[in-house]
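Here is query_3.pdb, consisting of PDB, C-alpha atoms and all ligand atoms:
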ATOM      1  CA  MET A   1       7.954  34.800 -49.493
ATOM      2  CA  HIS A   2       7.517  34.675 -53.191
ATOM      3  CA  PHE A   3       8.908  37.844 -54.648
ATOM      4  CA  ILE A   4       9.145  38.746 -58.269
ATOM      5  CA  LEU A   5      10.124  42.072 -59.655
ATOM      6  CA  PHE A   6      10.007  42.527 -63.339
ATOM      7  CA  ILE A   7      10.637  45.907 -64.886
ATOM      8  CA  VAL A   8      11.024  46.834 -68.495
ATOM      9  CA  ILE A   9      12.254  50.281 -69.301
ATOM     10  CA  THR A  10      12.792  51.805 -72.678
ATOM     11  CA  VAL A  11      15.307  54.620 -72.500
ATOM     12  CA  LEU A  12      18.159  54.289 -74.937
ATOM     13  CA  GLN A  13      18.389  52.355 -78.098
ATOM     14  CA  TYR A  14      21.653  50.922 -79.300
ATOM     15  CA  SER A  15      23.427  53.560 -81.241
ATOM     16  CA  THR A  16      26.073  53.404 -83.906
ATOM     17  CA  ALA A  17      27.475  56.845 -83.147
ATOM     18  CA  GLU A  18      31.150  57.437 -83.824
ATOM     19  CA  HIS A  19      33.211  57.620 -80.651
ATOM     20  CA  TYR A  20      35.035  60.814 -79.676
ATOM     21  CA  LYS A  21      38.363  61.021 -81.520
ATOM     22  CA  THR A  22      39.599  64.027 -79.543
ATOM     23  CA  LYS A  23      38.923  64.877 -75.922
ATOM     24  CA  PRO A  24      35.677  66.875 -75.604
ATOM     25  CA  SER A  25      35.893  70.108 -73.603
ATOM     26  CA  PHE A  26      33.660  68.805 -70.791
ATOM     27  CA  ILE A  27      36.089  65.999 -69.983
ATOM     28  CA  ARG A  28      38.715  66.643 -67.383
ATOM     29  CA  THR A  29      41.618  64.191 -67.300
ATOM     30  CA  CYS A  30      42.671  62.916 -63.869
ATOM     31  CA  PHE A  31      45.702  60.841 -62.949
ATOM     32  CA  LYS A  32      45.392  57.861 -60.637
ATOM     33  CA  GLY A  33      48.981  58.495 -59.473
ATOM     34  CA  ASP A  34      47.977  61.965 -58.250
ATOM     35  CA  PRO A  35      47.305  61.991 -54.479
ATOM     36  CA  GLU A  36      44.445  64.429 -55.205
ATOM     37  CA  PHE A  37      42.806  61.989 -57.621
ATOM     38  CA  ASP A  38      39.486  61.811 -55.753
ATOM     39  CA  ASP A  39      39.082  65.609 -55.778
ATOM     40  CA  CYS A  40      39.944  65.799 -59.462
ATOM     41  CA  SER A  41      37.601  62.932 -60.230
ATOM     42  CA  LYS A  42      34.751  64.539 -58.285
ATOM     43  CA  ASP A  43      35.089  67.717 -60.401
ATOM     44  CA  ALA A  44      35.424  65.640 -63.563
ATOM     45  CA  VAL A  45      32.215  63.704 -62.874
ATOM     46  CA  GLN A  46      30.456  66.961 -61.984
ATOM     47  CA  ASN A  47      31.498  68.409 -65.379
ATOM     48  CA  LEU A  48      30.200  65.292 -67.046
ATOM     49  CA  PHE A  49      26.806  65.523 -65.301
ATOM     50  CA  ASN A  50      26.575  69.208 -66.272
ATOM     51  CA  ALA A  51      27.198  68.289 -69.910
ATOM     52  CA  LEU A  52      24.676  65.444 -69.758
ATOM     53  CA  GLY A  53      21.882  67.812 -68.700
ATOM     54  CA  PRO A  54      21.210  69.119 -72.224
ATOM     55  CA  GLY A  55      22.381  65.878 -73.861
ATOM     56  CA  LEU A  56      25.236  64.959 -76.200
ATOM     57  CA  PRO A  57      23.704  64.577 -79.671
ATOM     58  CA  GLU A  58      27.148  63.859 -81.186
ATOM     59  CA  ILE A  59      27.102  60.479 -79.430
ATOM     60  CA  ASP A  60      23.308  60.048 -79.684
ATOM     61  CA  LEU A  61      22.788  60.703 -75.994
ATOM     62  CA  PRO A  62      19.429  62.310 -75.196
ATOM     63  CA  SER A  63      19.097  64.953 -72.503
ATOM     64  CA  LEU A  64      19.234  63.864 -68.869
ATOM     65  CA  ASP A  65      17.087  66.835 -67.865
ATOM     66  CA  PRO A  66      14.361  66.529 -68.899
ATOM     67  CA  LEU A  67      14.709  62.786 -69.240
ATOM     68  CA  ASN A  68      12.042  61.197 -71.429
ATOM     69  CA  ILE A  69      11.193  57.568 -70.822
ATOM     70  CA  PRO A  70       8.607  56.268 -73.272
ATOM     71  CA  GLN A  71       7.571  53.322 -71.154
ATOM     72  CA  ILE A  72       8.091  51.621 -67.792
ATOM     73  CA  ARG A  73       6.406  48.275 -67.129
ATOM     74  CA  ILE A  74       6.324  46.908 -63.595
ATOM     75  CA  LEU A  75       5.192  43.512 -62.455
ATOM     76  CA  GLN A  76       5.808  42.688 -58.826
ATOM     77  CA  GLY A  77       4.429  39.728 -56.903
ATOM     78  CA  ASP A  78       3.575  39.265 -53.226
ATOM     79  CA  GLY A  79       4.908  41.649 -50.635
ATOM     80  CA  PRO A  80       3.968  45.034 -49.243
ATOM     81  CA  VAL A  81       3.805  46.238 -52.818
ATOM     82  CA  ASN A  82       1.878  44.095 -55.176
ATOM     83  CA  VAL A  83       1.818  46.006 -58.350
ATOM     84  CA  ASN A  84       1.028  45.539 -61.952
ATOM     85  CA  ALA A  85       1.685  48.932 -63.429
ATOM     86  CA  ALA A  86       2.522  50.755 -66.574
ATOM     87  CA  LEU A  87       3.900  54.265 -66.787
ATOM     88  CA  ASP A  88       3.894  55.893 -70.184
ATOM     89  CA  ASN A  89       5.354  59.102 -71.617
ATOM     90  CA  VAL A  90       7.347  59.609 -68.453
ATOM     91  CA  VAL A  91       9.202  62.910 -68.080
ATOM     92  CA  VAL A  92      11.747  63.187 -65.279
ATOM     93  CA  THR A  93      13.094  66.628 -64.423
ATOM     94  CA  GLY A  94      15.747  67.553 -61.873
ATOM     95  CA  PHE A  95      18.800  65.441 -62.727
ATOM     96  CA  GLY A  96      20.391  68.516 -64.330
ATOM     97  CA  LYS A  97      20.972  69.822 -60.791
ATOM     98  CA  THR A  98      22.857  66.712 -59.707
ATOM     99  CA  GLU A  99      25.625  67.550 -57.266
ATOM    100  CA  VAL A 100      28.538  65.112 -57.171
ATOM    101  CA  LEU A 101      29.585  64.496 -53.565
ATOM    102  CA  LEU A 102      32.248  61.846 -54.082
ATOM    103  CA  SER A 103      33.910  59.976 -56.916
ATOM    104  CA  GLN A 104      36.389  57.168 -56.447
ATOM    105  CA  VAL A 105      37.895  54.759 -58.928
ATOM    106  CA  ASP A 106      39.362  51.410 -57.887
ATOM    107  CA  GLY A 107      43.087  51.395 -58.662
ATOM    108  CA  ARG A 108      43.072  47.809 -59.851
ATOM    109  CA  THR A 109      39.686  47.113 -61.440
ATOM    110  CA  TYR A 110      38.746  50.732 -62.270
ATOM    111  CA  ASP A 111      35.260  50.070 -60.888
ATOM    112  CA  PHE A 112      33.585  53.396 -60.016
ATOM    113  CA  TYR A 113      32.107  54.475 -56.715
ATOM    114  CA  THR A 114      30.078  57.664 -57.012
ATOM    115  CA  LYS A 115      27.907  59.525 -54.542
ATOM    116  CA  VAL A 116      25.526  62.222 -55.763
ATOM    117  CA  ARG A 117      22.729  64.387 -54.422
ATOM    118  CA  VAL A 118      19.714  65.584 -56.380
ATOM    119  CA  PRO A 119      17.772  68.325 -54.553
ATOM    120  CA  LYS A 120      14.435  67.794 -56.284
ATOM    121  CA  ILE A 121      13.159  65.331 -58.843
ATOM    122  CA  ARG A 122       9.763  65.365 -60.508
ATOM    123  CA  ILE A 123       8.467  62.324 -62.338
ATOM    124  CA  GLU A 124       5.341  62.843 -64.427
ATOM    125  CA  GLY A 125       3.511  60.471 -66.672
ATOM    126  CA  THR A 126       0.435  58.494 -67.468
ATOM    127  CA  TYR A 127      -0.126  55.513 -65.204
ATOM    128  CA  ASP A 128      -2.207  52.419 -65.340
ATOM    129  CA  LEU A 129      -2.207  50.619 -62.018
ATOM    130  CA  ARG A 130      -3.757  47.550 -60.515
ATOM    131  CA  GLY A 131      -2.273  46.475 -57.228
ATOM    132  CA  LYS A 132      -1.604  47.172 -53.589
ATOM    133  CA  ILE A 133       0.630  49.680 -51.862
ATOM    134  CA  LEU A 134       0.728  49.545 -48.035
ATOM    135  CA  LEU A 135      -2.000  46.911 -48.318
ATOM    136  CA  ILE A 136      -4.344  49.446 -49.913
ATOM    137  CA  PRO A 137      -5.839  48.146 -53.130
ATOM    138  CA  LEU A 138      -5.266  50.715 -55.848
ATOM    139  CA  VAL A 139      -6.892  50.690 -59.235
ATOM    140  CA  GLY A 140      -6.866  53.474 -61.748
ATOM    141  CA  SER A 141      -5.357  55.100 -64.752
ATOM    142  CA  GLY A 142      -4.617  58.718 -65.523
ATOM    143  CA  LEU A 143      -1.967  61.337 -64.918
ATOM    144  CA  CYS A 144       0.400  61.057 -61.986
ATOM    145  CA  TRP A 145       3.425  62.768 -60.532
ATOM    146  CA  PHE A 146       5.997  61.885 -57.891
ATOM    147  CA  GLU A 147       8.399  64.336 -56.275
ATOM    148  CA  PRO A 148      11.229  62.863 -54.212
ATOM    149  CA  SER A 149      13.336  65.557 -52.552
ATOM    150  CA  ASN A 150      16.938  65.601 -51.350
ATOM    151  CA  MET A 151      17.791  62.291 -52.916
ATOM    152  CA  THR A 152      21.305  61.000 -52.224
ATOM    153  CA  ILE A 153      22.404  58.111 -54.414
ATOM    154  CA  ASP A 154      25.382  55.769 -53.913
ATOM    155  CA  ILE A 155      26.342  54.229 -57.224
ATOM    156  CA  VAL A 156      28.730  51.291 -57.594
ATOM    157  CA  SER A 157      29.550  50.504 -61.212
ATOM    158  CA  SER A 158      31.561  47.559 -62.486
ATOM    159  CA  VAL A 159      33.595  48.063 -65.608
ATOM    160  CA  LYS A 160      35.609  45.919 -67.962
ATOM    161  CA  LEU A 161      38.291  47.389 -70.187
ATOM    162  CA  TYR A 162      38.290  46.582 -73.857
ATOM    163  CA  GLU A 163      40.045  47.911 -76.909
ATOM    164  CA  LYS A 164      38.478  49.479 -79.977
ATOM    165  CA  SER A 165      40.387  51.119 -82.853
ATOM    166  CA  GLY A 166      43.540  50.830 -80.724
ATOM    167  CA  LEU A 167      42.004  52.810 -77.842
ATOM    168  CA  PRO A 168      40.950  51.600 -74.375
ATOM    169  CA  PHE A 169      37.262  51.865 -73.431
ATOM    170  CA  PHE A 170      35.237  51.042 -70.326
ATOM    171  CA  ASN A 171      32.440  48.540 -70.783
ATOM    172  CA  VAL A 172      30.109  49.300 -67.866
ATOM    173  CA  THR A 173      28.659  45.887 -67.068
ATOM    174  CA  GLN A 174      26.751  46.498 -63.841
ATOM    175  CA  CYS A 175      25.427  49.340 -61.795
ATOM    176  CA  HIS A 176      24.100  49.068 -58.245
ATOM    177  CA  VAL A 177      22.452  51.953 -56.432
ATOM    178  CA  LYS A 178      21.405  52.671 -52.888
ATOM    179  CA  TYR A 179      19.452  55.823 -52.279
ATOM    180  CA  ASN A 180      17.913  57.863 -49.520
ATOM    181  CA  ILE A 181      15.296  60.563 -49.837
ATOM    182  CA  GLY A 182      14.333  63.363 -47.502
ATOM    183  CA  GLY A 183      10.710  63.532 -48.617
ATOM    184  CA  LEU A 184       8.184  62.339 -51.168
ATOM    185  CA  LYS A 185       5.087  63.985 -52.546
ATOM    186  CA  LEU A 186       2.888  62.248 -55.048
ATOM    187  CA  HIS A 187      -0.453  62.469 -56.775
ATOM    188  CA  MET A 188      -2.397  60.002 -58.860
ATOM    189  CA  SER A 189      -5.382  61.405 -60.745
ATOM    190  CA  ASN A 190      -8.424  59.340 -61.555
ATOM    191  CA  LEU A 191      -7.816  56.639 -58.938
ATOM    192  CA  PHE A 192     -10.764  54.241 -58.658
ATOM    193  CA  ASP A 193     -12.026  55.555 -61.986
ATOM    194  CA  GLY A 194     -12.465  59.011 -60.578
ATOM    195  CA  ILE A 195     -14.573  58.364 -57.470
ATOM    196  CA  SER A 196     -13.240  61.635 -56.203
ATOM    197  CA  SER A 197     -13.726  61.243 -52.442
ATOM    198  CA  LEU A 198     -11.757  57.979 -52.500
ATOM    199  CA  GLU A 199      -9.171  59.459 -54.820
ATOM    200  CA  GLU A 200      -8.505  62.426 -52.572
ATOM    201  CA  SER A 201      -8.421  60.485 -49.320
ATOM    202  CA  THR A 202      -6.103  57.855 -50.812
ATOM    203  CA  ASN A 203      -3.688  60.462 -52.167
ATOM    204  CA  ALA A 204      -3.739  62.238 -48.803
ATOM    205  CA  TYR A 205      -3.065  58.942 -47.006
ATOM    206  CA  LEU A 206      -0.149  58.052 -49.310
ATOM    207  CA  ASN A 207       1.409  61.506 -48.838
ATOM    208  CA  ALA A 208       0.970  61.421 -45.067
ATOM    209  CA  ASN A 209       2.677  58.015 -45.048
ATOM    210  CA  TRP A 210       5.345  58.908 -47.582
ATOM    211  CA  ARG A 211       8.122  57.111 -45.719
ATOM    212  CA  PRO A 212       6.583  53.608 -45.714
ATOM    213  CA  VAL A 213       5.290  54.302 -49.236
ATOM    214  CA  SER A 214       8.796  55.133 -50.424
ATOM    215  CA  GLU A 215      10.185  52.070 -48.601
ATOM    216  CA  SER A 216       7.676  49.846 -50.322
ATOM    217  CA  LEU A 217       8.563  51.370 -53.696
ATOM    218  CA  ARG A 218      12.323  51.001 -53.041
ATOM    219  CA  PRO A 219      12.897  47.845 -55.133
ATOM    220  CA  ILE A 220      11.031  49.412 -58.053
ATOM    221  CA  LEU A 221      12.777  52.784 -57.825
ATOM    222  CA  SER A 222      16.236  51.244 -57.289
ATOM    223  CA  LYS A 223      15.883  49.033 -60.320
ATOM    224  CA  THR A 224      14.544  51.916 -62.400
ATOM    225  CA  ILE A 225      17.448  54.196 -61.445
ATOM    226  CA  GLU A 226      19.946  51.385 -62.077
ATOM    227  CA  ASP A 227      18.570  50.684 -65.539
ATOM    228  CA  ILE A 228      18.568  54.360 -66.497
ATOM    229  CA  LEU A 229      22.091  54.966 -65.178
ATOM    230  CA  LEU A 230      23.445  51.811 -66.776
ATOM    231  CA  GLY A 231      22.003  52.812 -70.152
ATOM    232  CA  PHE A 232      23.510  56.300 -69.936
ATOM    233  CA  MET A 233      26.886  55.105 -68.706
ATOM    234  CA  GLN A 234      27.173  52.432 -71.366
ATOM    235  CA  GLN A 235      26.363  54.904 -74.095
ATOM    236  CA  ILE A 236      28.885  57.444 -72.764
ATOM    237  CA  PHE A 237      31.743  55.077 -72.090
ATOM    238  CA  HIS A 238      31.409  53.091 -75.312
ATOM    239  CA  ASN A 239      32.002  56.458 -77.010
ATOM    240  CA  LEU A 240      34.609  58.047 -74.766
ATOM    241  CA  PRO A 241      38.105  56.543 -74.675
ATOM    242  CA  ALA A 242      38.994  55.661 -71.075
ATOM    243  CA  ASN A 243      42.394  57.377 -71.216
ATOM    244  CA  PHE A 244      40.651  60.736 -71.808
ATOM    245  CA  MET A 245      39.377  60.376 -68.244
ATOM    246  CA  ILE A 246      42.267  58.572 -66.559
ATOM    247  CA  GLY A 247      45.512  59.864 -68.039
ATOM    248  CA  ASP A 248      47.705  57.148 -66.539
ATOM    249  CA  LEU A 249      45.374  54.232 -67.203
ATOM    250  CA  LYS A 250      47.317  50.996 -66.740
ATOM    251  CA  THR A 251      45.542  48.403 -68.786
ATOM    252  CA  HIS A 252      48.060  45.692 -67.847
ATOM    253  CA  LEU A 253      47.397  46.162 -64.118
ATOM    254  CA  THR A 254      43.788  45.086 -64.205
ATOM    255  CA  ASN A 255      43.070  41.525 -63.235
ATOM    256  CA  LYS A 256      40.302  41.552 -65.763
ATOM    257  CA  LYS A 257      41.266  40.365 -69.160
ATOM    258  CA  ILE A 258      41.223  43.062 -71.771
ATOM    259  CA  GLU A 259      38.758  42.067 -74.383
ATOM    260  CA  LYS A 260      40.099  42.699 -77.848
ATOM    261  CA  LYS A 261      37.534  43.843 -80.328
ATOM    262  CA  GLY A 262      38.576  44.320 -83.937
ATOM    263  CA  ASN A 263      38.668  47.751 -85.487
ATOM    264  CA  ILE A 264      35.142  49.048 -85.669
TER     265      ILE A 264
HETATM  266  C1  LIG A 301      19.813  65.816 -47.417
HETATM  267  O1  LIG A 301      20.089  64.496 -46.938
HETATM  268  C2  LIG A 301      21.349  64.373 -46.289
HETATM  269  C3  LIG A 301      21.555  62.907 -45.868
HETATM  270  O2  LIG A 301      20.735  62.011 -46.504
HETATM  271  C4  LIG A 301      21.402  65.296 -45.094
HETATM  272  O3  LIG A 301      22.680  65.197 -44.487
HETATM  273  C5  LIG A 301      21.158  66.733 -45.536
HETATM  274  O4  LIG A 301      21.111  67.583 -44.412
HETATM  275  C6  LIG A 301      19.828  66.837 -46.306
HETATM  276  N1  LIG A 301      19.712  68.193 -46.866
HETATM  277  C7  LIG A 301      18.560  68.863 -46.929
HETATM  278  C8  LIG A 301      18.587  70.195 -47.590
HETATM  279  O5  LIG A 301      17.519  68.400 -46.485
HETATM  280  C1  LIG A 302      30.463  44.308 -72.444
HETATM  281  O1  LIG A 302      30.203  43.330 -71.461
HETATM  282  C2  LIG A 302      29.078  42.501 -71.744
HETATM  283  C3  LIG A 302      28.847  41.625 -70.536
HETATM  284  O2  LIG A 302      30.005  41.011 -70.087
HETATM  285  C4  LIG A 302      29.374  41.713 -73.013
HETATM  286  O3  LIG A 302      28.264  40.903 -73.325
HETATM  287  C5  LIG A 302      29.634  42.684 -74.151
HETATM  288  O4  LIG A 302      29.995  41.965 -75.317
HETATM  289  C6  LIG A 302      30.775  43.631 -73.775
HETATM  290  N1  LIG A 302      30.911  44.636 -74.836
HETATM  291  C7  LIG A 302      32.078  45.002 -75.320
HETATM  292  C8  LIG A 302      32.049  46.024 -76.408
HETATM  293  O5  LIG A 302      33.150  44.549 -74.915
END
Take the structure from the file and write it as C-alpha cells.
Amino acid sequence: MHFILFIVITVLQYSTAEHYKTKPSFIRTCFKGDPEFDDCSKDAVQNLFNALGPGLPEIDLPSLDPLNIPQIRILQGDGPVNVNAALDNVVVTGFGKTEVLLSQVDGRTYDFYTKVRVPKIRIEGTYDLRGKILLIPLVGSGLCWFEPSNMTIDIVSSVKLYEKSGLPFFNVTQCHVKYNIGGLKLHMSNLFDGISSLEESTNAYLNANWRPVSESLRPILSKTIEDILLGFMQQIFHNLPANFMIGDLKTHLTNKKIEKKGNI
C-alpha cells in the first residue's frame, strides 16, 4: 500500500530568548540518586504543565491553553483516510488540565518517558477538506470542531545533552506519542457546500462511528501531537538548564557525546 503522510504545522518560531539564569519557581529539582525520583519527577512535570498553561513569555513560549495554531496542512495518500486538508486559525483548549500520571527519566541517556491524561480537549478552526474518511467522500470548507475526551498520551522523548554558557542543556531531538481516547465528538459545518441534509447525516454518521473515525485519523493526530510537543519541549529545554531539573545530572555518564557549543 502506498502511504504518504505529510503534515506541516506552524506553532513556534525560533526564538532568541535569553535562557533562565536562576531556577524559576515552577521548577522542582529532583535527584536521580533519590529512590523516590519517579514521584518527585511526576510532581515536577505536573508543575511544569501547570506553568505552561498560561505561557512563559520570558522565554517566548505562548500559552498551551488555549493553544493557537495558525495553520495545519495535511496531505495523506491511499488508505482508509485519503485526505487533502487545511485547518486554519486552530484553537485548542483543554491542555491546561493535563494530569501527569507518570514521569521517568533514563539513568544513562536521560531520555524521558511521560504519561499524561487530558480529560477534555476541544479543537476548533476553519477547515478546507477534500478526501475520504471511512471511504466516505468528504468535500467542504467552513468551521469545524473536534472534542476527544479522556485522552491518555504516552510520550517518549529522546534528548541529547549539550553545553551553553558553561551550563548543561537538553536538546530534545525526537518525540514519539501513543494515545488512547475514551470518546470523540466532532462537527464540520458546510460539508458538501452546505447541502444541509447531507451535512447533517454525514456528521451524525461520523459521530456514531467515532471509534473507526478516530482510528483512521490516528496517524494525523499522532503526528500533530508529536510536532506540537516537540516544539514546546525544544523551546523550554533550550532555555532551562538541565541541572535545574536533575540536581545530580552526570554529564560524563551519558553514552551520547556532549556537544560543545560556544558561549551564546
Ligand atoms: C480514561 O481512560 C483510562 C484508560 O485509557 C481508563 O482507565 C479510565 O477509567 C478512563 N476515565 C474516564 C473518566 O473515562
Ligand atoms: C540539537 O539536535 C539536532 C539534531 O541532532 C541538531 O541539528 C542541533 O544542532 C542540536 N542543537 C543544539 C543546540 O545542540
### Query
Which of these residues is nearest to ligand LIG 302 (chain A), using all atoms listed in the file: A:Ala242, A:His176, A:Ser201, A:Lys160?
A:Lys160
### Query
Can you tell me which residues sit at most 6 Å away from ligand LIG 302 (chain A), counting all atoms listed in the file, written as a ChimeraX atom specification?
/A:162,171,173
### Task
For the file shown, report as a ChimeraX atom specification the outcome of the PyMOL selection byres (((not hetatm)) within 8 of (chain A and resi 301)) at residue level.
/A:117,119,149-152,180-182
### Task
For the structure provided, state which residues fall under the PyMOL selection byres (((chain A and resi 243-247) around 9) and not hetatm), and present them as a ChimeraX atom specification.
/A:22-24,27-32,41,44,167-169,240-242,248-249
### Task
Could you tell me which residues the PyMOL selection byres (((chain A and resi 89) around 10) and not hetatm) grabs in this file, written as a PyMOL selection string?
chain A and resi 68-72+87-88+90-92+124-127
### Residue nearest Val177 (chain A) among A:Ile123, A:Ala208, A:Cys144, A:Ile153 (counting all atoms listed in the file)
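With all atoms listed in the file as the atom set, the closest residue is A:Ile153.
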### Message
Report as a count of residues only all protein, DNA and RNA residues lying within 8 Å of Asn84 (chain A), evaluated on only C-alpha atoms, omitting residues in the same chain fewer than 3 positions from it.
### Response
7
Sort by chain and increasing residue number a table of all residues of region 97-193 of chain A within 7 Å of region 45-60 of chain A, each with its closest pair of atoms and their distance in Å to one decimal, counting all atoms listed in the file, and write it as JSON lines.
{"residue": "A:Thr98", "atom": "CA", "partner": "A:Phe49", "partner_atom": "CA", "distance": 6.9}
{"residue": "A:Glu99", "atom": "CA", "partner": "A:Gln46", "partner_atom": "CA", "distance": 6.8}
{"residue": "A:Val100", "atom": "CA", "partner": "A:Gln46", "partner_atom": "CA", "distance": 5.5}
Reconstruct region 166-181 of chain A at the level of N, CA, C and O atoms, and format the result as an mmCIF file, in the frame of the given file.
data_model
loop_
_atom_site.group_PDB
_atom_site.id
_atom_site.type_symbol
_atom_site.label_atom_id
_atom_site.label_comp_id
_atom_site.auth_asym_id
_atom_site.auth_seq_id
_atom_site.Cartn_x
_atom_site.Cartn_y
_atom_site.Cartn_z
ATOM 1 N N GLY A 166 42.266 50.570 -81.398
ATOM 2 C CA GLY A 166 43.540 50.830 -80.724
ATOM 3 C C GLY A 166 43.433 51.678 -79.471
ATOM 4 O O GLY A 166 44.433 52.064 -78.882
ATOM 5 N N LEU A 167 42.188 51.986 -79.040
ATOM 6 C CA LEU A 167 42.004 52.810 -77.842
ATOM 7 C C LEU A 167 41.300 51.997 -76.748
ATOM 8 O O LEU A 167 40.485 51.131 -77.047
ATOM 9 N N PRO A 168 41.624 52.308 -75.469
ATOM 10 C CA PRO A 168 40.950 51.600 -74.375
ATOM 11 C C PRO A 168 39.581 52.221 -74.080
ATOM 12 O O PRO A 168 39.428 53.435 -74.108
ATOM 13 N N PHE A 169 38.601 51.385 -73.806
ATOM 14 C CA PHE A 169 37.262 51.865 -73.431
ATOM 15 C C PHE A 169 36.775 51.100 -72.203
ATOM 16 O O PHE A 169 37.194 49.963 -71.985
ATOM 17 N N PHE A 170 35.893 51.732 -71.443
ATOM 18 C CA PHE A 170 35.237 51.042 -70.326
ATOM 19 C C PHE A 170 33.922 50.450 -70.822
ATOM 20 O O PHE A 170 33.101 51.156 -71.404
ATOM 21 N N ASN A 171 33.739 49.173 -70.546
ATOM 22 C CA ASN A 171 32.440 48.540 -70.783
ATOM 23 C C ASN A 171 31.774 48.473 -69.400
ATOM 24 O O ASN A 171 32.206 47.721 -68.546
ATOM 25 N N VAL A 172 30.778 49.301 -69.173
ATOM 26 C CA VAL A 172 30.109 49.300 -67.866
ATOM 27 C C VAL A 172 29.155 48.110 -67.853
ATOM 28 O O VAL A 172 28.201 48.065 -68.623
ATOM 29 N N THR A 173 29.429 47.129 -67.016
ATOM 30 C CA THR A 173 28.659 45.887 -67.068
ATOM 31 C C THR A 173 27.552 45.834 -66.017
ATOM 32 O O THR A 173 26.554 45.151 -66.208
ATOM 33 N N GLN A 174 27.755 46.539 -64.904
ATOM 34 C CA GLN A 174 26.751 46.498 -63.841
ATOM 35 C C GLN A 174 26.706 47.832 -63.140
ATOM 36 O O GLN A 174 27.700 48.547 -63.099
ATOM 37 N N CYS A 175 25.577 48.101 -62.527
ATOM 38 C CA CYS A 175 25.427 49.340 -61.795
ATOM 39 C C CYS A 175 24.478 49.050 -60.639
ATOM 40 O O CYS A 175 23.370 48.552 -60.846
ATOM 41 N N HIS A 176 24.955 49.279 -59.414
ATOM 42 C CA HIS A 176 24.100 49.068 -58.245
ATOM 43 C C HIS A 176 23.906 50.391 -57.523
ATOM 44 O O HIS A 176 24.873 51.113 -57.316
ATOM 45 N N VAL A 177 22.679 50.702 -57.146
ATOM 46 C CA VAL A 177 22.452 51.953 -56.432
ATOM 47 C C VAL A 177 21.781 51.695 -55.080
ATOM 48 O O VAL A 177 21.050 50.723 -54.895
ATOM 49 N N LYS A 178 22.118 52.600 -54.164
ATOM 50 C CA LYS A 178 21.405 52.671 -52.888
ATOM 51 C C LYS A 178 21.048 54.131 -52.730
ATOM 52 O O LYS A 178 21.899 54.991 -52.939
ATOM 53 N N TYR A 179 19.790 54.411 -52.382
ATOM 54 C CA TYR A 179 19.452 55.823 -52.279
ATOM 55 C C TYR A 179 18.706 56.109 -50.982
ATOM 56 O O TYR A 179 18.154 55.206 -50.335
ATOM 57 N N ASN A 180 18.719 57.382 -50.626
ATOM 58 C CA ASN A 180 17.913 57.863 -49.520
ATOM 59 C C ASN A 180 17.188 59.105 -49.995
ATOM 60 O O ASN A 180 17.728 59.857 -50.802
ATOM 61 N N ILE A 181 15.972 59.318 -49.497
ATOM 62 C CA ILE A 181 15.296 60.563 -49.837
ATOM 63 C C ILE A 181 14.841 61.257 -48.555
ATOM 64 O O ILE A 181 14.624 60.618 -47.520
#
